[in-house]
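The block underneath contains the structure these notes are about, expressed in structure tokens.
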Amino acid sequence: MSRSGFWTCLRSQSTAKRGTSRVKATSRRPWSVVTADGTGVVSHAGVALLRELAERTGLRAEYALAVDGVRSRGGGHDPGQVLVDLAVMLADGGEAIGDIAGLGQQPDLHGPVASPPTAWRVLAGVDERRLDGLRRARAAARERAWLARAEVTGRVLPPSRAAGRDLDYVVVDIDATLVDVHSDKELASANFKSGYGFHPILAFCDNTNEALAGILRTGRAGSNTAADHIALLDLALAQLPDAARTGRILVRTDGAGFSHAFVDHLVETGLEYSTGYAVTDDVRAALTLLPAWAWTAAVDADGGHRDGAEVAEITDVLAEVQRLRAAERRRARAKQVALTGAKPPKATPRREWPTGMRVLVRRERPHPGAQLDVFEERDGYRYQAVATNTRVGQLAFLGARHRAHARVEDRIRQAKDAGLGRLPSRVFAINQAWLELALTAADLLAWTQTTLLVDDPSLARAEWKTIRYRLLHSAARITHGSRRVYLRLQHDWPWTLALQHAFTVLRRIPVPSR
């Protein structure tokens, strides 16, 4: 045999030995037989935790007083309980008033629950006076919830976090958002992003994730309307317990909240503030005069060094630039009068910013694709300015503390999945009441995490959709014995013990007596 024939034969033998090994056959799991005759089974068993929490904080009783007179028949549903059930339904992920039927079909777990038409009638009965009553009711329940948290955890107020530090004072974050609608609703209008709907403004407590206040506005409402910011702040402060309202409070907003009227109101109220500040021509001129040694390294959210970012204070330099530019304008006006002989126009007095306001600037190398203006393209930095009246603290910390305001966007995003993102009615007053119930849903979830789930850090810090999946949507069986009702949670669900422990902690909170 020739050499080429030998190698051809060898390769054919080797190929014959290779191939796909035999795969062990697997049997497919048979499909389940689906029937609709189950009894004694409840879904969303964890929702009972929120409903009982509303009872033990006095929310249901306070709501009942706030909407007294709405009930048309003496034997009808308690309107306070109807509103609580709507808020619980929103916290559980419901989107429409008709979703309350999910609670009503489980009477062994929730007791009697109003029908959707009854819920509509209760919402329609919430006028402006009763809406103020609902806000006062929520404030009263919040005070009890904070006292209960102190009893359970040893702390009335969890700390806010910024730059790796604990902030042991109240931090209120204010921001606005857009809620699009797809049908004609009262006071809905086009917004600045070419959408159509509403433009609510909201306030959250950064320490606890609680929704303090919200104002439903038309879509074309301005982002920097000082009157709306002032009204919202007053509503938010009224939600705080007395001890917290008289202590140190920091209010954070983005640049939309920076105005003379709002900043003056913050100062008159005795609050600290940290707001966005526009990078104007005066700010750019101050930056060109700032020496290199004035910049200090910035820190990230955990307090570590942030590469490519620096922060500096320009308060004094900015004041000098504004003084020089004002003098230049006066000379220009005088020169024009001398040339034309005309009577000089009456100069508009410049409104001064409150004493103690500081302006900080942060510069950072932009991420790929970021849009820069001409000034920023000159040196390759992106600039952001902050105004604050906090007198002490490292510049890097003050800058990072303001950047933590971005957390409010996450809370608004989650609130849109708990009722805020879908307004049910054509009537503006009903949608206002719905917004208040969406804030209540956020409070119930926040109280659950900061009081009942503190022993499980992963759940205490989880997003609300995680709380729904792991706890609220748990399955259980209802059994009766010894004249008691037993809620038997699924024993092999991974988070059953966490839910049972939350119920155990909740039962330590007494029901308030009236």
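Ordering of the structure tokens sets the chain letters (A, B, ...); residue numbers start at 1 within each chain; ligands are numbered from 1 in the order shown.
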All residues 12 Å or closer to Asp264 of chain A, only C-alpha atoms, same chain fewer than 5 positions away omitted, as a PyMOL selection string: chain A and resi 226-227+229-230+257-259+269-273+351-357+389
Writing out the chosen residues with N, CA, C and O atoms as a PDB file, in the first residue's frame:
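Okay, again37.pdb is ready:
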ATOM      1  N   ALA A 226     -42.614  78.574  41.707  1.00  0.00           N
ATOM      2  CA  ALA A 226     -42.275  78.709  43.123  1.00  0.00           C
ATOM      3  C   ALA A 226     -43.488  78.474  44.013  1.00  0.00           C
ATOM      4  O   ALA A 226     -43.373  77.865  45.082  1.00  0.00           O
ATOM      5  N   ALA A 227     -44.664  78.932  43.594  1.00  0.00           N
ATOM      6  CA  ALA A 227     -45.853  78.770  44.427  1.00  0.00           C
ATOM      7  C   ALA A 227     -46.167  77.298  44.657  1.00  0.00           C
ATOM      8  O   ALA A 227     -46.561  76.908  45.772  1.00  0.00           O
ATOM      9  N   HIS A 229     -43.968  74.799  44.614  1.00  0.00           N
ATOM     10  CA  HIS A 229     -42.941  74.260  45.512  1.00  0.00           C
ATOM     11  C   HIS A 229     -43.218  74.653  46.961  1.00  0.00           C
ATOM     12  O   HIS A 229     -43.049  73.840  47.883  1.00  0.00           O
ATOM     13  N   ILE A 230     -43.644  75.889  47.171  1.00  0.00           N
ATOM     14  CA  ILE A 230     -43.933  76.348  48.533  1.00  0.00           C
ATOM     15  C   ILE A 230     -45.125  75.589  49.113  1.00  0.00           C
ATOM     16  O   ILE A 230     -45.098  75.128  50.261  1.00  0.00           O
ATOM     17  N   GLY A 257     -36.251  73.803  41.363  1.00  0.00           N
ATOM     18  CA  GLY A 257     -36.702  74.361  42.632  1.00  0.00           C
ATOM     19  C   GLY A 257     -35.958  75.601  43.055  1.00  0.00           C
ATOM     20  O   GLY A 257     -36.257  76.162  44.120  1.00  0.00           O
ATOM     21  N   PHE A 258     -35.003  76.054  42.242  1.00  0.00           N
ATOM     22  CA  PHE A 258     -34.200  77.210  42.646  1.00  0.00           C
ATOM     23  C   PHE A 258     -34.870  78.487  42.130  1.00  0.00           C
ATOM     24  O   PHE A 258     -34.903  78.758  40.932  1.00  0.00           O
ATOM     25  N   SER A 259     -35.426  79.241  43.054  1.00  0.00           N
ATOM     26  CA  SER A 259     -36.034  80.531  42.737  1.00  0.00           C
ATOM     27  C   SER A 259     -35.953  81.401  43.975  1.00  0.00           C
ATOM     28  O   SER A 259     -35.811  80.910  45.101  1.00  0.00           O
ATOM     29  N   THR A 269     -38.504  79.699  56.918  1.00  0.00           N
ATOM     30  CA  THR A 269     -38.992  78.559  57.684  1.00  0.00           C
ATOM     31  C   THR A 269     -37.907  77.954  58.570  1.00  0.00           C
ATOM     32  O   THR A 269     -38.200  77.095  59.404  1.00  0.00           O
ATOM     33  N   GLY A 270     -36.668  78.369  58.381  1.00  0.00           N
ATOM     34  CA  GLY A 270     -35.565  77.871  59.192  1.00  0.00           C
ATOM     35  C   GLY A 270     -35.027  76.529  58.742  1.00  0.00           C
ATOM     36  O   GLY A 270     -34.529  75.751  59.573  1.00  0.00           O
ATOM     37  N   LEU A 271     -35.098  76.240  57.444  1.00  0.00           N
ATOM     38  CA  LEU A 271     -34.668  74.956  56.915  1.00  0.00           C
ATOM     39  C   LEU A 271     -33.338  75.074  56.187  1.00  0.00           C
ATOM     40  O   LEU A 271     -32.983  76.136  55.665  1.00  0.00           O
ATOM     41  N   GLU A 272     -32.617  73.981  56.161  1.00  0.00           N
ATOM     42  CA  GLU A 272     -31.451  73.887  55.288  1.00  0.00           C
ATOM     43  C   GLU A 272     -31.918  73.505  53.889  1.00  0.00           C
ATOM     44  O   GLU A 272     -32.933  72.829  53.722  1.00  0.00           O
ATOM     45  N   TYR A 273     -31.162  73.915  52.895  1.00  0.00           N
ATOM     46  CA  TYR A 273     -31.526  73.558  51.527  1.00  0.00           C
ATOM     47  C   TYR A 273     -30.282  73.211  50.732  1.00  0.00           C
ATOM     48  O   TYR A 273     -29.162  73.637  51.036  1.00  0.00           O
ATOM     49  N   ARG A 351     -32.432  91.839  42.935  1.00  0.00           N
ATOM     50  CA  ARG A 351     -32.859  91.134  44.139  1.00  0.00           C
ATOM     51  C   ARG A 351     -31.714  90.280  44.653  1.00  0.00           C
ATOM     52  O   ARG A 351     -31.171  89.452  43.921  1.00  0.00           O
ATOM     53  N   GLU A 352     -31.355  90.475  45.892  1.00  0.00           N
ATOM     54  CA  GLU A 352     -30.222  89.760  46.468  1.00  0.00           C
ATOM     55  C   GLU A 352     -30.662  88.399  46.988  1.00  0.00           C
ATOM     56  O   GLU A 352     -31.789  88.217  47.452  1.00  0.00           O
ATOM     57  N   TRP A 353     -29.749  87.447  46.907  1.00  0.00           N
ATOM     58  CA  TRP A 353     -29.995  86.128  47.467  1.00  0.00           C
ATOM     59  C   TRP A 353     -29.823  86.176  48.978  1.00  0.00           C
ATOM     60  O   TRP A 353     -29.148  87.056  49.510  1.00  0.00           O
ATOM     61  N   PRO A 354     -30.431  85.240  49.706  1.00  0.00           N
ATOM     62  CA  PRO A 354     -30.353  85.277  51.167  1.00  0.00           C
ATOM     63  C   PRO A 354     -28.903  85.193  51.655  1.00  0.00           C
ATOM     64  O   PRO A 354     -28.039  84.576  51.029  1.00  0.00           O
ATOM     65  N   THR A 355     -28.664  85.815  52.779  1.00  0.00           N
ATOM     66  CA  THR A 355     -27.337  85.757  53.396  1.00  0.00           C
ATOM     67  C   THR A 355     -27.026  84.318  53.803  1.00  0.00           C
ATOM     68  O   THR A 355     -27.885  83.592  54.321  1.00  0.00           O
ATOM     69  N   GLY A 356     -25.801  83.911  53.547  1.00  0.00           N
ATOM     70  CA  GLY A 356     -25.383  82.564  53.913  1.00  0.00           C
ATOM     71  C   GLY A 356     -25.475  81.560  52.790  1.00  0.00           C
ATOM     72  O   GLY A 356     -25.084  80.396  52.969  1.00  0.00           O
ATOM     73  N   MET A 357     -25.975  81.966  51.622  1.00  0.00           N
ATOM     74  CA  MET A 357     -26.056  81.030  50.500  1.00  0.00           C
ATOM     75  C   MET A 357     -24.671  80.823  49.897  1.00  0.00           C
ATOM     76  O   MET A 357     -23.957  81.776  49.616  1.00  0.00           O
ATOM     77  N   ASN A 389     -27.193  76.411  51.997  1.00  0.00           N
ATOM     78  CA  ASN A 389     -26.919  77.287  53.137  1.00  0.00           C
ATOM     79  C   ASN A 389     -26.293  76.526  54.292  1.00  0.00           C
ATOM     80  O   ASN A 389     -26.237  77.035  55.416  1.00  0.00           O
TER      81      ASN A 389
END
Asn209 of chain A surroundings by only C-alpha atoms, 8 Å radius, close-in-sequence under 3 positions cut, as a PDB file with N, CA and C atoms, in the first residue's frame:
ATOM      1  N   PHE A 204     -40.756  63.321  49.040  1.00  0.00           N
ATOM      2  CA  PHE A 204     -40.491  62.052  49.716  1.00  0.00           C
ATOM      3  C   PHE A 204     -39.508  62.284  50.864  1.00  0.00           C
ATOM      4  N   CYS A 205     -39.638  61.471  51.895  1.00  0.00           N
ATOM      5  CA  CYS A 205     -38.661  61.466  52.991  1.00  0.00           C
ATOM      6  C   CYS A 205     -37.558  60.476  52.629  1.00  0.00           C
ATOM      7  N   ASP A 206     -36.347  60.977  52.446  1.00  0.00           N
ATOM      8  CA  ASP A 206     -35.255  60.115  52.003  1.00  0.00           C
ATOM      9  C   ASP A 206     -34.877  59.100  53.072  1.00  0.00           C
ATOM     10  N   ARG A 411     -37.889  56.500  43.588  1.00  0.00           N
ATOM     11  CA  ARG A 411     -39.118  56.404  44.366  1.00  0.00           C
ATOM     12  C   ARG A 411     -40.334  56.791  43.524  1.00  0.00           C
ATOM     13  N   ALA A 442     -47.647  54.055  49.166  1.00  0.00           N
ATOM     14  CA  ALA A 442     -46.197  54.173  49.357  1.00  0.00           C
ATOM     15  C   ALA A 442     -45.842  54.178  50.837  1.00  0.00           C
ATOM     16  N   ASP A 443     -46.651  54.856  51.657  1.00  0.00           N
ATOM     17  CA  ASP A 443     -46.393  54.879  53.100  1.00  0.00           C
ATOM     18  C   ASP A 443     -46.510  53.486  53.711  1.00  0.00           C
ATOM     19  N   ALA A 446     -43.469  51.584  52.874  1.00  0.00           N
ATOM     20  CA  ALA A 446     -42.301  52.114  53.587  1.00  0.00           C
ATOM     21  C   ALA A 446     -42.336  51.726  55.057  1.00  0.00           C
TER      22      ALA A 446
END
Contacts of Asp254 of chain A within 12 Å, only C-alpha atoms, excl. fewer than 5 positions in-chain, as a PyMOL selection string: chain A and resi 173-176+223-224+229+259+273-278+384-388+402-409
Spatial neighbours of Leu147 of chain A, max dist 8 Å, only C-alpha atoms, sep filter under 4 positions, as a count of residues only: 3
Contacts of segment 508-513 of chain A at 12 Å (only C-alpha atoms; same-chain gap of 5+ positions) as a PyMOL selection string: chain A and resi 52-62+140-141+144-152+451-452+501-503
Nearby residues (only C-alpha atoms) at most 7 Å from Gly197 of chain A, same-chain spacing under 5 positions excluded, as a ChimeraX atom specification: /A:179-181,188-190,218-219
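Atom pair atom CA of Gln449 of chain A / atom CA of Trp464 of chain A: separated by 9.4 Å.
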Close residues, Leu395 of chain A itself excluded, 7 Å, only C-alpha atoms, min 3 positions apart in chain, as a PyMOL selection string: chain A and resi 311-312+398-399
Keeping only C-alpha atoms, write the selected residues to a file as an mmCIF file, in the first residue's frame.
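Final output, saved to part37.cif:
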data_model
loop_
_atom_site.group_PDB
_atom_site.id
_atom_site.type_symbol
_atom_site.label_atom_id
_atom_site.label_comp_id
_atom_site.auth_asym_id
_atom_site.auth_seq_id
_atom_site.Cartn_x
_atom_site.Cartn_y
_atom_site.Cartn_z
ATOM 1 C CA VAL A 311 -15.554 70.216 43.421
ATOM 2 C CA ALA A 312 -14.910 73.841 44.375
ATOM 3 C CA LEU A 398 -21.755 68.616 50.370
ATOM 4 C CA GLY A 399 -21.545 67.866 46.665
#
Computed interatomic separation between atom CA of Arg165 of chain A and atom CA of Gln394 of chain A (Å):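 Between these atoms lies a distance of 12.4 Å.
Among the candidates A:Ala334, A:Asp92, A:Leu489, A:Trp31, the one nearest to Lys465 of chain A when counting only C-alpha atoms is A:Asp92.
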Distance criterion (only C-alpha atoms): nearest to Ala292 of chain A out of A:Phe198, A:Arg470, A:Glu310, A:Arg365: A:Glu310
Sel. of alpha helix (DSSP H) residues, segment 156-344 of chain A, as a PyMOL selection string: chain A and resi 226-239+242-245+260-269+281-289+315-340
Residues of segment 84-279 of chain A in strand (DSSP E or B), written as a ChimeraX atom specification: /A:160-162,165-167,170-176,179-180,189-190,196-198,201-205,211-215,218,249-253,272-277
From A:Val172, A:Val454, A:Val299, A:Val42, residue lying nearest Val251 of chain A [only C-alpha atoms]: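 Of all the options, A:Val172 lies closest to Val251 of chain A.
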Gap from atom CA of Ile215 of chain A to atom CA of Leu232 of chain A - Å, one decimal: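 About the pair atom CA of Ile215 of chain A and atom CA of Leu232 of chain A: they are 6.8 Å apart.
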